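> File data-v9.cif below, mmCIF, C-alpha atoms and all ligand atoms:
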data_final
loop_
_atom_site.group_PDB
_atom_site.id
_atom_site.type_symbol
_atom_site.label_atom_id
_atom_site.label_comp_id
_atom_site.auth_asym_id
_atom_site.auth_seq_id
_atom_site.Cartn_x
_atom_site.Cartn_y
_atom_site.Cartn_z
ATOM 1 C CA MET A 18 0.000 0.000 0.000
ATOM 2 C CA ASP A 19 1.254 3.488 -0.857
ATOM 3 C CA TYR A 20 0.572 6.550 1.234
ATOM 4 C CA LYS A 21 0.245 10.145 0.097
ATOM 5 C CA ILE A 22 0.854 13.159 2.264
ATOM 6 C CA THR A 23 0.376 16.786 1.287
ATOM 7 C CA SER A 24 3.182 19.040 2.475
ATOM 8 C CA ARG A 25 2.148 22.697 2.456
ATOM 9 C CA ASN A 26 5.497 24.179 3.424
ATOM 10 C CA VAL A 27 9.093 23.348 4.340
ATOM 11 C CA ASP A 28 8.124 22.727 7.954
ATOM 12 C CA ASP A 29 5.639 20.016 6.960
ATOM 13 C CA THR A 30 8.393 18.201 5.065
ATOM 14 C CA MET A 31 10.837 18.629 7.972
ATOM 15 C CA LYS A 32 8.206 17.305 10.366
ATOM 16 C CA LEU A 33 7.600 14.218 8.246
ATOM 17 C CA ALA A 34 11.356 13.565 8.236
ATOM 18 C CA GLU A 35 11.474 13.976 12.022
ATOM 19 C CA ASN A 36 8.645 11.477 12.457
ATOM 20 C CA ILE A 37 10.408 8.932 10.278
ATOM 21 C CA GLU A 38 13.664 9.579 12.151
ATOM 22 C CA SER A 39 11.958 8.581 15.377
ATOM 23 C CA GLU A 40 11.531 5.082 13.869
ATOM 24 C CA LYS A 41 15.170 4.759 12.808
ATOM 25 C CA PHE A 42 17.174 1.558 13.086
ATOM 26 C CA PRO A 43 20.713 0.595 12.028
ATOM 27 C CA GLY A 44 20.597 -0.355 8.359
ATOM 28 C CA MET A 45 17.586 1.828 7.544
ATOM 29 C CA ILE A 46 17.491 2.829 3.876
ATOM 30 C CA ILE A 47 15.462 5.736 2.552
ATOM 31 C CA CYS A 48 15.375 6.488 -1.173
ATOM 32 C CA LEU A 49 14.268 9.961 -2.291
ATOM 33 C CA ASP A 50 13.117 10.803 -5.804
ATOM 34 C CA GLY A 51 11.454 13.754 -7.471
ATOM 35 C CA GLU A 52 12.375 16.642 -9.730
ATOM 36 C CA LEU A 53 14.989 19.298 -8.939
ATOM 37 C CA GLY A 54 13.878 21.482 -6.053
ATOM 38 C CA SER A 55 11.103 19.169 -4.947
ATOM 39 C CA GLY A 56 12.283 18.901 -1.320
ATOM 40 C CA LYS A 57 14.608 15.898 -1.086
ATOM 41 C CA THR A 58 17.407 17.790 0.645
ATOM 42 C CA VAL A 59 14.890 19.552 2.902
ATOM 43 C CA PHE A 60 13.804 16.087 4.044
ATOM 44 C CA VAL A 61 17.426 15.147 4.817
ATOM 45 C CA LYS A 62 17.831 18.378 6.805
ATOM 46 C CA GLY A 63 14.771 17.505 8.908
ATOM 47 C CA PHE A 64 16.069 14.007 9.499
ATOM 48 C CA ALA A 65 19.531 15.264 10.447
ATOM 49 C CA LYS A 66 18.126 17.855 12.825
ATOM 50 C CA SER A 67 16.108 15.200 14.569
ATOM 51 C CA LEU A 68 19.212 12.995 14.855
ATOM 52 C CA GLY A 69 20.767 15.835 16.785
ATOM 53 C CA LEU A 70 23.197 16.801 14.047
ATOM 54 C CA GLU A 71 24.114 20.446 14.040
ATOM 55 C CA ASP A 72 25.881 20.302 10.686
ATOM 56 C CA ASN A 73 24.426 22.303 7.855
ATOM 57 C CA ILE A 74 23.275 19.634 5.428
ATOM 58 C CA THR A 75 24.113 20.343 1.808
ATOM 59 C CA SER A 76 24.141 17.940 -1.066
ATOM 60 C CA PRO A 77 27.348 15.962 -1.419
ATOM 61 C CA THR A 78 28.376 17.383 -4.774
ATOM 62 C CA PHE A 79 31.870 16.090 -5.318
ATOM 63 C CA ASN A 80 32.048 12.919 -3.314
ATOM 64 C CA ILE A 81 28.515 11.495 -3.806
ATOM 65 C CA VAL A 82 28.350 10.463 -0.143
ATOM 66 C CA LYS A 83 28.616 12.577 2.992
ATOM 67 C CA GLU A 84 28.967 10.892 6.346
ATOM 68 C CA TYR A 85 27.654 12.497 9.533
ATOM 69 C CA LEU A 86 28.890 10.603 12.548
ATOM 70 C CA THR A 87 28.105 12.879 15.472
ATOM 71 C CA GLY A 88 24.345 12.282 15.791
ATOM 72 C CA GLU A 89 22.387 9.591 17.603
ATOM 73 C CA MET A 90 23.195 7.212 14.762
ATOM 74 C CA PRO A 91 25.503 7.555 11.741
ATOM 75 C CA LEU A 92 23.852 9.223 8.743
ATOM 76 C CA TYR A 93 25.103 8.536 5.228
ATOM 77 C CA HIS A 94 23.696 11.059 2.782
ATOM 78 C CA MET A 95 24.150 10.154 -0.871
ATOM 79 C CA ASP A 96 23.180 12.202 -3.878
ATOM 80 C CA VAL A 97 23.766 10.163 -7.013
ATOM 81 C CA TYR A 98 22.534 12.834 -9.449
ATOM 82 C CA ARG A 99 26.009 13.477 -10.762
ATOM 83 C CA LEU A 100 27.090 9.884 -10.894
ATOM 84 C CA GLU A 101 28.824 9.141 -14.176
ATOM 85 C CA ASP A 102 28.221 5.963 -16.145
ATOM 86 C CA GLY A 103 30.560 3.344 -14.817
ATOM 87 C CA ASP A 104 30.670 4.872 -11.349
ATOM 88 C CA GLU A 105 28.114 2.424 -10.091
ATOM 89 C CA ASN A 106 30.704 0.420 -8.284
ATOM 90 C CA ILE A 107 31.660 2.942 -5.655
ATOM 91 C CA GLY A 108 30.677 0.472 -2.967
ATOM 92 C CA PHE A 109 27.018 1.236 -2.371
ATOM 93 C CA ASP A 110 26.626 -2.154 -0.778
ATOM 94 C CA ASP A 111 28.940 -1.199 2.053
ATOM 95 C CA TYR A 112 26.687 1.736 2.821
ATOM 96 C CA PHE A 113 23.533 -0.327 2.476
ATOM 97 C CA LYS A 114 24.863 -2.793 5.051
ATOM 98 C CA THR A 115 25.608 0.011 7.401
ATOM 99 C CA ASP A 116 25.408 0.595 11.116
ATOM 100 C CA GLY A 117 23.438 3.752 10.480
ATOM 101 C CA VAL A 118 20.815 5.304 8.255
ATOM 102 C CA CYS A 119 21.394 5.715 4.549
ATOM 103 C CA ILE A 120 19.416 8.337 2.602
ATOM 104 C CA VAL A 121 19.821 8.430 -1.177
ATOM 105 C CA GLU A 122 18.735 11.359 -3.351
ATOM 106 C CA TRP A 123 17.912 10.478 -6.966
ATOM 107 C CA SER A 124 17.880 6.767 -6.120
ATOM 108 C CA GLU A 125 16.112 5.918 -9.389
ATOM 109 C CA LEU A 126 19.478 6.426 -11.086
ATOM 110 C CA ILE A 127 20.918 3.439 -9.219
ATOM 111 C CA LYS A 128 17.761 1.363 -8.929
ATOM 112 C CA ASP A 129 19.521 -1.845 -9.937
ATOM 113 C CA PHE A 130 21.779 -1.492 -6.906
ATOM 114 C CA LEU A 131 19.145 -0.759 -4.288
ATOM 115 C CA PRO A 132 18.314 -3.349 -1.636
ATOM 116 C CA ASP A 133 14.860 -4.943 -1.892
ATOM 117 C CA GLU A 134 13.866 -3.739 1.566
ATOM 118 C CA ARG A 135 13.730 0.041 1.785
ATOM 119 C CA LEU A 136 11.489 3.068 2.047
ATOM 120 C CA ASP A 137 10.937 4.950 -1.198
ATOM 121 C CA ILE A 138 9.744 8.539 -0.930
ATOM 122 C CA GLN A 139 8.607 10.411 -4.029
ATOM 123 C CA PHE A 140 8.193 14.174 -4.109
ATOM 124 C CA VAL A 141 5.842 15.825 -6.584
ATOM 125 C CA VAL A 142 5.780 19.614 -6.948
ATOM 126 C CA ILE A 143 2.244 21.017 -7.015
ATOM 127 C CA ASP A 144 2.992 24.720 -6.639
ATOM 128 C CA GLU A 145 5.579 26.977 -5.023
ATOM 129 C CA ASN A 146 5.000 25.642 -1.516
ATOM 130 C CA THR A 147 2.956 22.500 -1.973
ATOM 131 C CA ARG A 148 4.379 19.031 -2.461
ATOM 132 C CA ILE A 149 2.670 15.677 -2.649
ATOM 133 C CA ILE A 150 4.890 13.195 -0.826
ATOM 134 C CA LYS A 151 4.324 9.526 -1.543
ATOM 135 C CA LEU A 152 5.638 6.916 0.880
ATOM 136 C CA ILE A 153 6.236 3.525 -0.693
ATOM 137 C CA PRO A 154 7.470 0.912 1.789
ATOM 138 C CA HIS A 155 9.200 -2.234 0.571
ATOM 139 C CA GLY A 156 9.240 -4.887 3.289
ATOM 140 C CA GLN A 157 7.368 -5.364 6.554
ATOM 141 C CA ILE A 158 9.667 -3.168 8.670
ATOM 142 C CA TYR A 159 9.046 -0.233 6.385
ATOM 143 C CA GLU A 160 5.302 -0.961 6.172
ATOM 144 C CA ASP A 161 5.185 -0.725 9.955
ATOM 145 C CA ILE A 162 7.192 2.489 10.002
ATOM 146 C CA VAL A 163 4.944 4.123 7.427
ATOM 147 C CA ASN A 164 1.863 3.019 9.336
ATOM 148 C CA SER A 165 3.178 4.627 12.475
ATOM 149 C CA VAL A 166 3.990 7.982 10.855
ATOM 150 C CA VAL A 167 0.918 8.588 8.689
HETATM 151 N N1 LIG A 201 6.514 21.894 1.067
HETATM 152 C C1 LIG A 201 7.819 22.009 0.791
HETATM 153 N N2 LIG A 201 8.666 21.002 1.128
HETATM 154 C C2 LIG A 201 9.987 21.098 0.834
HETATM 155 N N3 LIG A 201 10.565 22.141 0.199
HETATM 156 C C3 LIG A 201 9.761 23.162 -0.165
HETATM 157 C C4 LIG A 201 8.378 23.141 0.116
HETATM 158 N N4 LIG A 201 7.833 24.297 -0.353
HETATM 159 C C5 LIG A 201 8.815 24.991 -0.898
HETATM 160 N N5 LIG A 201 9.997 24.340 -0.797
HETATM 161 C C6 LIG A 201 11.266 24.841 -1.328
HETATM 162 O O1 LIG A 201 11.653 23.948 -2.357
HETATM 163 C C7 LIG A 201 13.068 23.825 -2.361
HETATM 164 C C8 LIG A 201 13.464 22.362 -2.172
HETATM 165 O O2 LIG A 201 14.852 22.298 -2.328
HETATM 166 P P1 LIG A 201 15.685 20.974 -2.107
HETATM 167 O O3 LIG A 201 17.113 21.361 -2.171
HETATM 168 O O4 LIG A 201 15.207 20.265 -0.908
HETATM 169 O O5 LIG A 201 15.271 20.142 -3.406
HETATM 170 P P2 LIG A 201 15.882 18.771 -3.936
HETATM 171 O O6 LIG A 201 14.697 17.912 -4.244
HETATM 172 O O7 LIG A 201 16.894 18.274 -2.990
HETATM 173 O O8 LIG A 201 16.546 19.217 -5.299
HETATM 174 P P3 LIG A 201 17.823 18.593 -6.055
HETATM 175 O O9 LIG A 201 17.295 17.519 -6.954
HETATM 176 O O10 LIG A 201 18.355 19.752 -6.814
HETATM 177 O O11 LIG A 201 18.776 18.058 -5.033
HETATM 178 C C9 LIG A 201 13.606 24.703 -1.252
HETATM 179 O O12 LIG A 201 13.974 25.939 -1.803
HETATM 180 C C10 LIG A 201 12.402 24.865 -0.334
HETATM 181 O O13 LIG A 201 12.413 26.099 0.357
HETATM 182 MG MG MG A 202 18.897 17.817 -3.116
#
Could you render the structure from this file as C-alpha cells?


Amino acid sequence: MDYKITSRNVDDTMKLAENIESEKFPGMIICLDGELGSGKTVFVKGFAKSLGLEDNITSPTFNIVKEYLTGEMPLYHMDVYRLEDGDENIGFDDYFKTDGVCIVEWSELIKDFLPDERLDIQFVVIDENTRIIKLIPHGQIYEDIVNSVV
C-alpha cells in the first residue's frame, strides 16, 4: 500500500522527516526521488536535525556520499545525481549494510543497486510551496514504520 501526504510548506516536510527519524534503526534505507527542487534535501535536513546533528546539510556534490557521525546514529547522505556511467561500483553495498541510516537522493538512477527492503519517498511539486509526498514501503519493517507515521 502506498501513502500520500500533502506538504504545504518546508516545515511540513521537515516534520515528516522527524517522524520517520523517530523510527530509525541501524541499516535503515530511505530512497528519495522527485524533480529538482522538490524537497529531497529539505527532508534530509529535517532528518539530520532530529538525529541531533548540528551540521548544515548540503548535497554531497563532489564525493557522492557525505557521512555524519556525530548524531544519535551515523547518517550517510548520498546524492547520485552526478554519478557518471561506470561509477556504479563505488561500494554502495557497504553503505547499504551500514550501522546507520542511509538516505539516497535520486535513487532511481541506481535502482539496480538498491536493496529490496527500503522506504521509497517520491516528491511531486504542485505549486511553489505544496508538495505531494508519496511513501512507498518495501518490506514489513518499512510498512510498519509508514503506518506509524501517517
Ligand atoms: N513543502 C515544501 N517542502 C519542501 N521544500 C519546499 C516546500 N515548499 C517549498 N519548498 C522549497 O523547495 C526547495 C526544495 O529544495 P531541495 O534542495 O530540498 O530540493 P531537492 O529535491 O533536494 O533538489 P535537487 O534535486 O536539486 O537536489 C527549497 O527551496 C524549499 O524552500
Ligand atoms: Mg537535493

> Neighbouring residues of ligand LIG 201 (chain A) are defined here as those with any atom at most 7 Å from a ligand atom, counting all atoms listed in the file; list them as a ChimeraX atom specification.

/A:24-27,29-30,51-60,76,122,145-148

> For Val61 of chain A, work out the shell of residues within 12 Å, counting all atoms listed in the file and skipping chain neighbours fewer than 3 positions away, then give it as a count of residues only.

40

> Do you have the atom CA of Pro43 of chain A-atom CA of Pro91 of chain A distance handy?

8.5 Å

> Using the chain letters and numbers from the file, which residues does the PyMOL selection byres (((chain A and resi 42) around 9) and not hetatm) grab, as a PyMOL selection string?

chain A and resi 38+40-41+43-45+90+116-118

> Let me make sure I understand: among A:Arg99, A:Leu86, A:Asp28, A:Thr115, which one has the smallest atom-to-atom distance to ligand MG 202 (chain A) if we use all atoms listed in the file?

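Of the candidates, the smallest distance to ligand MG 202 (chain A) is held by A:Arg99.
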
> As a PyMOL selection string, please: the residues near segment 133-137 of chain A (cut-off 9 Å, only C-alpha atoms, same-chain neighbours under 3 positions excluded).

chain A and resi 45-50+124+151-160+163

> Any chance you can output those residues with C-alpha atoms as a CSV table (one decimal), keeping the file's coordinate frame?


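Produced file selection.csv, reproduced below:
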chain,number,residue,atom,x,y,z
A,45,MET,CA,17.6,1.8,7.5
A,46,ILE,CA,17.5,2.8,3.9
A,47,ILE,CA,15.5,5.7,2.6
A,48,CYS,CA,15.4,6.5,-1.2
A,49,LEU,CA,14.3,10.0,-2.3
A,50,ASP,CA,13.1,10.8,-5.8
A,124,SER,CA,17.9,6.8,-6.1
A,151,LYS,CA,4.3,9.5,-1.5
A,152,LEU,CA,5.6,6.9,0.9
A,153,ILE,CA,6.2,3.5,-0.7
A,154,PRO,CA,7.5,0.9,1.8
A,155,HIS,CA,9.2,-2.2,0.6
A,156,GLY,CA,9.2,-4.9,3.3
A,157,GLN,CA,7.4,-5.4,6.6
A,158,ILE,CA,9.7,-3.2,8.7
A,159,TYR,CA,9.0,-0.2,6.4
A,160,GLU,CA,5.3,-1.0,6.2
A,163,VAL,CA,4.9,4.1,7.4

> With distances taken over all atoms listed in the file, which residue among A:Ile149, A:Val82, A:Val142, A:Val97 lies nearest Ile127 of chain A?

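Selected residue with least distance to Ile127 of chain A: A:Val97.
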